Structure formats: C-alpha cells, structure tokens
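Asker: What follows is coords-v9.txt, made up of compact mmCIF, C-alpha atoms:
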```
# COMPACT_ATOMS: atom_id res chain seq x y z
CA MET A 10 7.62 13.90 5.65
CA GLU A 11 8.17 13.54 1.93
CA GLN A 12 5.22 12.48 -0.22
CA ARG A 13 6.11 8.84 -0.65
CA VAL A 14 5.63 5.28 0.60
CA SER A 15 8.61 2.93 0.83
CA LEU A 16 6.95 -0.35 1.62
CA ILE A 17 3.59 -2.02 1.79
CA THR A 18 3.59 -4.99 4.13
CA LEU A 19 0.92 -7.64 3.85
CA GLY A 20 0.61 -9.61 7.07
CA VAL A 21 0.05 -13.26 6.16
CA LYS A 22 -0.77 -16.47 7.96
CA ASP A 23 1.35 -18.82 5.85
CA LEU A 24 4.34 -17.20 4.19
CA ASP A 25 4.95 -20.07 1.76
CA ARG A 26 1.33 -20.09 0.64
CA SER A 27 1.38 -16.35 0.02
CA LEU A 28 4.73 -16.52 -1.76
CA ARG A 29 3.36 -19.21 -4.08
CA PHE A 30 0.27 -17.10 -4.77
CA TYR A 31 2.23 -14.01 -5.86
CA GLN A 32 4.73 -16.15 -7.78
CA ALA A 33 1.78 -17.74 -9.61
CA LEU A 34 0.88 -14.21 -10.75
CA GLY A 35 4.34 -13.97 -12.27
CA TRP A 36 6.09 -11.99 -9.53
CA LYS A 37 9.77 -12.59 -8.76
CA ARG A 38 11.08 -12.51 -5.21
CA GLY A 39 13.85 -9.96 -4.62
CA ASN A 40 15.45 -11.36 -1.46
CA LYS A 41 16.69 -14.58 0.11
CA ASP A 42 16.12 -13.81 3.81
CA ALA A 43 14.16 -16.34 5.84
CA GLY A 44 10.85 -15.22 7.29
CA VAL A 45 10.13 -12.30 4.98
CA VAL A 46 9.54 -11.94 1.26
CA PHE A 47 10.29 -8.74 -0.65
CA PHE A 48 9.06 -7.92 -4.13
CA GLN A 49 10.72 -4.96 -5.84
CA LEU A 50 8.00 -2.81 -7.44
CA PRO A 51 8.66 0.34 -9.49
CA GLY A 52 9.90 2.74 -6.81
CA PHE A 53 8.92 0.83 -3.71
CA ILE A 54 8.66 -2.63 -2.18
CA LEU A 55 5.87 -5.02 -1.31
CA ALA A 56 6.61 -7.31 1.62
CA LEU A 57 4.98 -10.49 2.86
CA TRP A 58 5.52 -11.06 6.57
CA SER A 59 3.89 -13.00 9.37
CA ARG A 60 0.79 -11.14 10.47
CA ALA A 61 1.50 -12.13 14.09
CA ALA A 62 5.02 -10.69 13.83
CA LEU A 63 3.66 -7.49 12.26
CA VAL A 64 1.14 -7.06 15.06
CA GLU A 65 3.83 -7.62 17.67
CA ASP A 66 6.28 -5.30 15.93
CA ALA A 67 3.74 -2.49 15.64
CA GLY A 68 2.66 -2.88 19.26
CA ILE A 69 -1.02 -3.20 18.39
CA ALA A 70 -3.84 -5.63 19.09
CA ASP A 71 -4.99 -7.74 16.16
CA GLY A 72 -8.67 -8.08 15.30
CA ASN A 73 -9.36 -4.59 16.55
CA GLY A 74 -9.94 -2.96 13.19
CA PHE A 75 -6.47 -3.85 11.96
CA GLY A 76 -6.62 -5.55 8.58
CA GLY A 77 -3.08 -6.87 8.48
CA MET A 78 -1.74 -4.33 6.01
CA ALA A 79 0.80 -1.64 6.92
CA LEU A 80 2.59 1.15 5.08
CA ALA A 81 6.17 2.15 5.74
CA TYR A 82 8.12 5.34 5.25
CA ASN A 83 11.88 4.85 5.10
CA ALA A 84 13.87 7.81 6.34
CA ARG A 85 17.43 8.51 5.27
CA SER A 86 18.74 8.53 8.86
CA ARG A 87 17.73 7.66 12.39
CA GLY A 88 17.31 11.33 13.18
CA GLU A 89 14.95 11.75 10.25
CA ALA A 90 12.93 8.75 11.46
CA ASP A 91 12.55 10.34 14.91
CA ALA A 92 11.65 13.70 13.36
CA THR A 93 9.05 12.09 11.09
CA LEU A 94 7.36 10.32 13.99
CA ASN A 95 7.27 13.60 15.91
CA GLU A 96 5.84 15.38 12.89
CA ALA A 97 3.08 12.77 12.56
CA VAL A 98 2.14 13.01 16.22
CA THR A 99 2.02 16.80 15.96
CA ALA A 100 -0.32 16.40 12.97
CA GLY A 101 -2.66 14.23 15.04
CA ALA A 102 -1.29 10.69 14.67
CA ARG A 103 -1.24 8.24 17.54
CA LEU A 104 2.24 6.97 18.39
CA LEU A 105 2.14 3.18 18.47
CA LYS A 106 5.83 2.65 19.18
CA ALA A 107 8.72 5.06 19.53
CA ALA A 108 11.58 4.29 17.19
CA GLN A 109 14.10 1.80 18.51
CA GLU A 110 16.86 -0.44 17.21
CA THR A 111 15.64 -3.52 15.35
CA PRO A 112 17.03 -7.08 15.15
CA TRP A 113 17.80 -6.51 11.44
CA GLY A 114 20.21 -3.68 12.12
CA GLY A 115 17.82 -0.82 11.50
CA TYR A 116 15.74 1.61 13.49
CA SER A 117 11.95 1.65 13.47
CA GLY A 118 8.81 3.04 15.10
CA TYR A 119 5.11 3.14 14.24
CA PHE A 120 2.22 5.58 14.17
CA ALA A 121 -1.48 5.27 13.36
CA ASP A 122 -3.25 7.85 11.21
CA PRO A 123 -6.67 9.26 12.22
CA ASP A 124 -8.44 6.10 10.97
CA GLY A 125 -5.98 3.73 12.59
CA HIS A 126 -4.05 2.97 9.39
CA VAL A 127 -0.64 1.74 10.49
CA TRP A 128 2.57 3.40 9.28
CA GLU A 129 6.05 2.22 10.14
CA VAL A 130 8.77 4.87 10.05
CA ALA A 131 12.17 3.26 9.67
CA HIS A 132 15.78 3.71 8.77
CA ASN A 133 17.24 0.72 6.96
CA PRO A 134 20.96 1.19 6.26
CA GLY A 135 20.86 -1.58 3.62
CA TRP A 136 18.28 0.00 1.34
CA THR A 137 18.85 2.77 -1.14
CA ILE A 138 16.56 5.80 -1.37
CA ASP A 139 17.14 7.89 -4.47
CA ALA A 140 16.61 11.64 -4.83
CA ALA A 141 13.02 11.11 -6.02
CA GLY A 142 12.28 9.01 -2.94
CA ARG A 143 12.21 5.67 -4.74
CA VAL A 144 13.34 2.73 -2.63
CA SER A 145 15.39 -0.16 -3.97
CA LEU A 146 16.45 -3.47 -2.50
CA MET A 147 19.70 -3.27 -4.43
CA PRO A 148 22.73 -1.27 -3.38
CA PRO A 149 23.58 1.64 -5.67
CA GLY A 150 25.94 1.19 -8.57
CA MET B 20 0.13 -9.58 -13.84
CA GLU B 21 3.11 -7.24 -13.86
CA GLN B 22 5.01 -6.76 -10.61
CA ARG B 23 3.54 -3.43 -9.57
CA VAL B 24 0.91 -1.62 -7.52
CA SER B 25 -0.90 1.39 -8.98
CA LEU B 26 -2.80 2.69 -6.01
CA ILE B 27 -3.12 2.29 -2.29
CA THR B 28 -6.52 3.35 -1.03
CA LEU B 29 -7.03 4.23 2.61
CA GLY B 30 -10.68 4.00 3.58
CA VAL B 31 -11.46 6.88 5.92
CA LYS B 32 -14.37 7.99 8.05
CA ASP B 33 -13.99 11.74 7.53
CA LEU B 34 -12.33 12.74 4.26
CA ASP B 35 -11.65 16.33 5.33
CA ARG B 36 -10.04 15.22 8.58
CA SER B 37 -7.80 12.76 6.76
CA LEU B 38 -6.92 15.30 4.08
CA ARG B 39 -5.90 17.79 6.77
CA PHE B 40 -3.76 15.15 8.46
CA TYR B 41 -1.75 14.29 5.35
CA GLN B 42 -1.52 17.96 4.37
CA ALA B 43 -0.12 18.66 7.84
CA LEU B 44 2.65 16.19 7.00
CA GLY B 45 3.48 18.33 4.00
CA TRP B 46 1.70 16.35 1.30
CA LYS B 47 0.08 18.09 -1.69
CA ARG B 48 -3.20 16.93 -3.14
CA GLY B 49 -3.04 16.02 -6.83
CA ASN B 50 -6.71 16.26 -7.80
CA LYS B 51 -9.79 18.45 -7.42
CA ASP B 52 -12.54 15.82 -7.60
CA ALA B 53 -15.14 15.81 -4.83
CA GLY B 54 -15.28 12.75 -2.61
CA VAL B 55 -11.82 11.39 -3.22
CA VAL B 56 -8.29 12.65 -2.58
CA PHE B 57 -5.29 11.54 -4.65
CA PHE B 58 -1.66 12.07 -3.70
CA GLN B 59 0.90 11.46 -6.45
CA LEU B 60 3.75 9.39 -5.01
CA PRO B 61 6.88 8.35 -6.95
CA GLY B 62 5.43 5.85 -9.42
CA PHE B 63 2.04 5.31 -7.88
CA ILE B 64 -0.84 7.01 -6.09
CA LEU B 65 -2.21 7.07 -2.56
CA ALA B 66 -5.95 7.69 -2.32
CA LEU B 67 -8.20 8.69 0.54
CA TRP B 68 -11.78 7.55 0.05
CA SER B 69 -14.81 6.88 2.19
CA ARG B 70 -14.38 3.53 3.90
CA ALA B 71 -18.10 2.85 3.47
CA ALA B 72 -17.83 3.51 -0.26
CA LEU B 73 -14.76 1.29 -0.51
CA VAL B 74 -16.54 -1.57 1.25
CA GLU B 75 -19.55 -1.21 -1.03
CA ASP B 76 -17.41 -0.93 -4.16
CA ALA B 77 -15.40 -4.04 -3.28
CA GLY B 78 -18.52 -6.02 -2.45
CA ILE B 79 -17.27 -7.05 0.98
CA ALA B 80 -18.50 -6.88 4.57
CA ASP B 81 -16.71 -4.41 6.82
CA GLY B 82 -15.47 -5.44 10.25
CA ASN B 83 -14.82 -8.97 9.06
CA GLY B 84 -11.05 -8.81 9.04
CA PHE B 85 -11.03 -5.94 6.56
CA GLY B 86 -8.86 -3.09 7.78
CA GLY B 87 -9.99 -0.44 5.35
CA MET B 88 -6.92 -0.50 3.14
CA ALA B 89 -6.90 -1.78 -0.44
CA LEU B 90 -4.35 -2.14 -3.21
CA ALA B 91 -5.11 -1.55 -6.87
CA TYR B 92 -3.56 -2.77 -10.08
CA ASN B 93 -4.32 -0.62 -13.10
CA ALA B 94 -4.38 -2.50 -16.37
CA ARG B 95 -3.76 -0.87 -19.75
CA SER B 96 -7.11 -2.03 -21.17
CA ARG B 97 -10.41 -3.56 -20.14
CA GLY B 98 -9.34 -6.86 -21.64
CA GLU B 99 -6.17 -6.84 -19.55
CA ALA B 100 -8.23 -6.12 -16.43
CA ASP B 101 -10.43 -9.16 -17.13
CA ALA B 102 -7.39 -11.32 -17.88
CA THR B 103 -5.68 -10.21 -14.64
CA LEU B 104 -8.73 -11.07 -12.54
CA ASN B 105 -8.88 -14.50 -14.21
CA GLU B 106 -5.17 -15.00 -13.59
CA ALA B 107 -5.59 -14.16 -9.90
CA VAL B 108 -8.50 -16.56 -9.50
CA THR B 109 -6.51 -19.32 -11.21
CA ALA B 110 -3.67 -18.63 -8.75
CA GLY B 111 -6.06 -19.10 -5.81
CA ALA B 112 -7.60 -15.67 -5.25
CA ARG B 113 -11.24 -15.24 -4.35
CA LEU B 114 -13.18 -13.10 -6.83
CA LEU B 115 -14.98 -10.37 -4.89
CA LYS B 116 -16.49 -8.62 -7.90
CA ALA B 117 -16.20 -9.26 -11.62
CA ALA B 118 -15.02 -6.20 -13.54
CA GLN B 119 -17.76 -3.84 -14.62
CA GLU B 120 -18.15 -0.29 -15.83
CA THR B 121 -17.76 2.34 -13.13
CA PRO B 122 -19.46 5.71 -12.57
CA TRP B 123 -16.11 7.45 -13.24
CA GLY B 124 -15.82 6.12 -16.77
CA GLY B 125 -13.54 3.22 -16.02
CA TYR B 126 -13.79 -0.52 -15.56
CA SER B 127 -13.07 -2.28 -12.28
CA GLY B 128 -13.29 -5.54 -10.35
CA TYR B 129 -11.84 -6.91 -7.11
CA PHE B 130 -10.15 -10.03 -5.78
CA ALA B 131 -8.93 -11.10 -2.34
CA ASP B 132 -5.55 -12.78 -1.89
CA PRO B 133 -5.17 -15.89 0.32
CA ASP B 134 -5.22 -13.74 3.50
CA GLY B 135 -8.16 -11.64 2.38
CA HIS B 136 -6.07 -8.64 1.31
CA VAL B 137 -8.20 -6.69 -1.13
CA TRP B 138 -6.97 -5.86 -4.64
CA GLU B 139 -8.88 -3.81 -7.15
CA VAL B 140 -8.06 -4.46 -10.81
CA ALA B 141 -9.07 -1.52 -12.94
CA HIS B 142 -8.72 0.24 -16.23
CA ASN B 143 -8.78 4.01 -15.90
CA PRO B 144 -8.62 5.71 -19.31
CA GLY B 145 -7.59 9.00 -17.65
CA TRP B 146 -4.42 7.76 -16.01
CA THR B 147 -1.07 7.18 -17.66
CA ILE B 148 0.91 3.98 -17.12
CA ASP B 149 4.47 4.20 -18.39
CA ALA B 150 6.61 1.36 -19.73
CA ALA B 151 8.04 0.69 -16.27
CA GLY B 152 4.53 0.41 -14.84
CA ARG B 153 4.55 3.72 -13.01
CA VAL B 154 1.17 5.39 -12.72
CA SER B 155 0.65 9.12 -12.99
CA LEU B 156 -2.34 11.37 -12.41
CA MET B 157 -1.14 13.65 -15.18
CA PRO B 158 -1.67 13.02 -18.89
CA PRO B 159 1.54 12.40 -20.87
CA GLY B 160 3.38 15.26 -22.51
```
Spit out the file's structure as structure tokens when you get a sec.
Answerer:
Amino acid sequence: MEQRVSLITLGVKDLDRSLRFYQALGWKRGNKDAGVVFFQLPGFILALWSRAALVEDAGIADGNGFGGMALAYNARSRGEADATLNEAVTAGARLLKAAQETPWGGYSGYFADPDGHVWEVAHNPGWTIDAAGRVSLMPPG
Amino acid sequence: MEQRVSLITLGVKDLDRSLRFYQALGWKRGNKDAGVVFFQLPGFILALWSRAALVEDAGIADGNGFGGMALAYNARSRGEADATLNEAVTAGARLLKAAQETPWGGYSGYFADPDGHVWEVAHNPGWTIDAAGRVSLMPPG
C-alpha cells in the first residue's frame, strides 16, 4: 500500500447545505454528478456524500463510534485493490466489505484500522493517478 | 480559505499499535517527536495522535457523534488563521475554539462544519506550504 490517501469523504445529512457551506468558503466544485460533490484538492479529492449512503456502502452501523468521515485509497487496478485489502487484513485491519463492482463502474471494498477508522479501497477507471500517487478528477492530457 | 487540506488526524487509543499497523502497510514515519506520528503523503500529512488529546485540543465531547478523525487547514500566518476561522463562522460553521498559542510553538483553533466534521485551522511555523498549497514536513531547500 503506497503512502497516500486518494479521497476524504465527509458523510453529510443535506448535500445542498454542505455544498453551500464549502462554496461560501470559496471552494469550487469539480464535478456535475447528482448525489455527490467532489472538490479537487492539491493531489487528492474531498467528497461530500450522503452519510446514510456512506454507512450502507461501507457495510457498517452508524452511531457506533463512526463519525461520518472516511478515507479512500485508489488502486491502479482491481487486482491491486484486492491485494491492498488483503495486505490491510494481514496487518490487523478488520475487513468491512470485500471489493465488489460498484454502480458507478468501479470496484470497491472497505476495511477498518485498529481504531475503527474507515478506509475504502477502490479502483475507479475514470480517475487518473500519477506516478507520485496524486489523484485527479480530470483525465490526463 | 484556499481549496486544500493540510492534515488528516486519526485519533487513536494506542499510538504504538497504530504506528505498527501503518508501518505494516509499508508506510514510513516522517518525524521523531514523542506522542505524535506524522506520515508525509503527496501534498499533505496524515497524523496519528491520542484520541483523548485530540478531543481535549478541539474542545469537544467524545462519543457525541465525533468519530475521532479531524481535518486541518494550515494557514501561512496567525492572521490568516484568525481570518479563516472568521470566514468559516460567517459561512455557518460552529466555532469550537478560537485560535490560541499552542505548546508546540504554533497557533491553532477549531471549527465544526454543518455536520459536525471537525476542522483545525493552524499556523505551524515549522512546516512549509508551497504555492500550490501542498504541505511538507521538511523545510524548503
């Protein structure tokens, strides 16, 4: 597992309210998809997404120490995503969900670190990961 | 407030256990300070720190929806840290702690976004922020 984070997801109750809040701080949305907001940060992405959807996607119970924030590690292939989840479990992580195909055309699973911090491990064919591990919403070129 | 995150802090129960976990994933520690672990990621930093200390520092109650994970925005000066906290409050954030001098020689305050996600806003004179907003543990040069 390379030393990097691809995405921070903030689970939110009201996506429009949260979008307005971060826009009021001067942030510019980087996507047009319904139901999720992406902000391109230097080298990684901050996402706003329904907290209920995040809980369901991660296969966890809410209100059980989960604060609604998750990290994600984007692998360069499905095989690397599987290998990373295996590596985490070998290191002592708890597997929350084995990687599987997602509705958005990717591949994703979840683990929890020793304190229960939630990590998604995903392969997203639409996102670019450069040699330094920086993730971009934009296609290369 | 520029569109960036300087630090993700994972509040942990047992710093050594968490350090061993991330080292087992292949990550290399970037500091030698006691009581806190920093990992240099591409453009920002992931920290492991006592969850109890994080809760106390942020001026919040644990177990009240807080999941032990916090984001930080490093400003380039104390004045910018104050201005950023004011900007967040104007945008609808809840001020958790006004910025004040810290034991590590910096200056730091906290706000909560509309869902209670915790943001520290800090000035750390020992860390470098480049023009693109990337934060590095190493001094320039």
Asker: I'd like to know which of B:Ser155, B:Thr147, B:Ser37, B:Thr109 is closest to Ser69 in chain B, using only C-alpha atoms.
Answerer: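 Nearest to Ser69 in chain B: B:Ser37.
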Asker: Which residues are near range 55-67 of chain B? Cut-off 7 Å, only C-alpha atoms, ignore same chain within fewer than 5 positions. Put them as a PyMOL selection string.
Answerer: (chain A and resi 12-13+51-52+141-143) or (chain B and resi 25-31+34+47-50+153-156)
Asker: Once you count all atoms listed in the file, which residues of chain B turn out to be within 6 Å of chain A? Could you give them as a list in words?
Answerer: Met20, Gln22, Arg23, Val31, Phe40, Ala43, Leu44, Trp46, Leu60, Gly84, Phe85, Gly86, Ala110 and Asp134 of chain B
Asker: Rounded to one decimal place, report the CA of Pro144 in chain B-CA of Gly125 in chain B distance in Å.
Answerer: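 Taking CA of Pro144 in chain B as the start and CA of Gly125 in chain B as the end point, the length is 6.4 Å.
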Asker: Between CA of Asp42 in chain A and CA of Trp128 in chain A, what is the distance in Å, rounded to a tenth?
Answerer: 22.6 Å
Asker: One decimal, in Å: what's the spacing between CA of Ala131 in chain A and CA of Val64 in chain A?
Answerer: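 Spanning CA of Ala131 in chain A to CA of Val64 in chain A is a straight-line distance of 16.0 Å.
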Asker: May I have the residues within 10 Å of Ala62 in chain A as a PyMOL selection string, using all atoms listed in the file and disregarding those fewer than 4 positions away in the same chain?
Answerer: chain A and resi 20-21+44+58+66-68
Asker: Please return the centre and edge lengths, in Å to one decimal, of a box with edges along x, y and z that contains all listed atoms of range 32-48 of chain A, widened by 3 Å on every side, as JSON.
Answerer:
```
{"center_x": 8.8, "center_y": -12.8, "center_z": -2.5, "size_x": 21.8, "size_y": 15.8, "size_z": 25.6}
```
